[in-house]
>>> print(open('start.tsv').read())   # TSV, C-alpha atoms and all ligand atoms
chain	number	residue	atom	x	y	z
E	1488	MET	CA	114.58	134.53	183.92
E	1489	LYS	CA	117.30	132.54	182.21
E	1490	LEU	CA	120.71	134.14	181.75
E	1491	PHE	CA	123.17	133.49	178.96
E	1492	GLU	CA	126.61	134.57	177.94
E	1493	VAL	CA	127.55	136.85	175.03
E	1494	GLY	CA	131.27	137.43	174.73
E	1495	GLU	CA	132.60	138.43	178.16
E	1496	VAL	CA	129.21	139.44	179.52
E	1497	VAL	CA	127.41	136.61	181.29
E	1498	ASN	CA	124.20	138.28	182.46
E	1499	HIS	CA	122.18	138.66	179.25
E	1500	ARG	CA	118.54	137.82	179.81
E	1501	VAL	CA	117.02	135.26	177.43
E	1502	GLY	CA	113.81	136.50	175.81
E	1503	ASP	CA	114.00	139.98	177.36
E	1504	PRO	CA	113.64	142.73	174.73
E	1505	GLN	CA	114.79	145.21	177.39
E	1506	CYS	CA	117.90	143.22	178.28
E	1507	PRO	CA	119.90	145.56	180.53
E	1508	GLU	CA	123.26	144.03	179.60
E	1509	CYS	CA	122.96	144.68	175.87
E	1510	ALA	CA	124.83	147.33	173.91
E	1511	GLU	CA	122.80	150.32	172.76
E	1512	GLY	CA	120.23	149.41	170.10
E	1513	TYR	CA	120.11	145.75	171.17
E	1514	PRO	CA	118.62	143.24	171.48
E	1515	GLU	CA	117.39	143.10	167.90
E	1516	PRO	CA	114.87	140.61	166.55
E	1517	CYS	CA	116.51	137.57	164.96
E	1518	PRO	CA	114.95	135.92	161.87
E	1519	CYS	CA	114.48	132.75	163.93
E	1520	GLY	CA	112.10	134.57	166.28
E	1521	GLY	CA	114.63	134.94	169.06
E	1522	LEU	CA	116.55	138.02	170.13
E	1523	MET	CA	120.01	139.03	168.96
E	1524	HIS	CA	121.97	140.25	171.99
E	1525	ALA	CA	125.17	142.25	171.83
E	1526	SER	CA	128.06	142.89	174.22
E	1527	GLU	CA	130.59	145.64	173.84
E	1528	THR	CA	134.21	144.53	173.96
E	1529	ALA	CA	137.33	146.42	174.99
E	1530	GLU	CA	138.43	146.52	171.34
E	1531	GLU	CA	137.91	149.12	168.65
E	1532	ASP	CA	137.77	148.61	164.90
E	1533	PRO	CA	140.02	150.64	162.55
E	1534	ASP	CA	137.32	153.34	162.39
E	1535	GLY	CA	137.35	153.80	166.14
E	1536	ASN	CA	134.02	152.11	166.80
E	1537	VAL	CA	133.71	149.77	169.75
E	1538	VAL	CA	133.65	146.18	168.55
E	1539	ILE	CA	130.59	144.25	169.65
E	1540	VAL	CA	129.92	140.54	169.74
E	1541	THR	CA	126.41	139.36	168.96
E	1542	LEU	CA	124.56	136.15	169.79
E	1543	CYS	CA	120.96	135.05	169.36
E	1544	ASP	CA	119.32	133.72	172.52
E	1545	GLN	CA	117.38	131.12	170.56
E	1546	CYS	CA	119.37	129.81	167.56
E	1547	GLY	CA	122.84	130.62	168.88
E	1548	ARG	CA	123.98	132.34	165.69
E	1549	ASN	CA	125.60	135.76	165.48
E	1550	GLU	CA	124.99	138.59	163.02
E	1551	ASP	CA	128.02	137.65	160.91
E	1552	GLN	CA	126.70	134.14	160.42
E	1553	LEU	CA	123.26	135.43	159.46
E	1554	ALA	CA	124.77	137.88	156.96
E	1555	GLU	CA	126.73	135.02	155.39
E	1556	MET	CA	123.61	132.92	155.03
E	1557	ALA	CA	121.72	135.79	153.41
E	1558	SER	CA	124.38	136.41	150.79
G	1601	ZN	ZN	121.28	141.09	176.07
G	1602	ZN	ZN	118.14	133.43	166.09
>>> encode(input="start.tsv", output="structure tokens")
Amino acid sequence: MKLFEVGEVVNHRVGDPQCPECAEGYPEPCPCGGLMHASETAEEDPDGNVVIVTLCDQCGRNEDQLAEMAS
């Protein structure tokens, strides 16, 4: 099992849909066929939600980049 780093969390498991290091609800399928992993950060957004950082284990993009490409 290959590990990769998302934000501060280094133990995400490439290709594992049950990745134990992911935030709740992740990983999600990425349009490239990979998995979008997510790490919680210590920060909160103005609404009080924990900020997460996302990263695909195959194409290396995050959800913000994908949303930009779709618009
Ligand atoms: Zn993960
Ligand atoms: Zn991807």
>>> residues_around(input="start.tsv", residues="range 1515-1527 of chain E", least_positions_apart="2", cutoff="9 Å", atoms="all atoms listed in the file", output="ChimeraX atom specification")
/E:1493-1496,1499-1504,1506,1508-1513,1529-1530,1537-1550,1553
>>> atom_distance(input="start.tsv", atom1="CA of Asp1551 in chain E", atom2="CA of Gly1535 in chain E")
19.4 Å
>>> closest_residue(input="start.tsv", among="E:Asn1536, E:Thr1528, E:Asn1498, E:Gln1552", to="ligand ZN 1602 (chain G)", atoms="all atoms listed in the file")
E:Gln1552
>>> atom_distance(input="start.tsv", atom1="atom ZN of ligand ZN 1602 (chain G)", atom2="CA of Pro1533 in chain E")
28.1 Å
>>> axis_aligned_box(input="start.tsv", around="range 1515-1530 of chain E", padding_each_side="8 Å", output="lines of an AutoDock Vina configuration file")
center_x = 125.3
center_y = 139.6
center_z = 168.4
size_x = 42.3
size_y = 29.8
size_z = 29.1
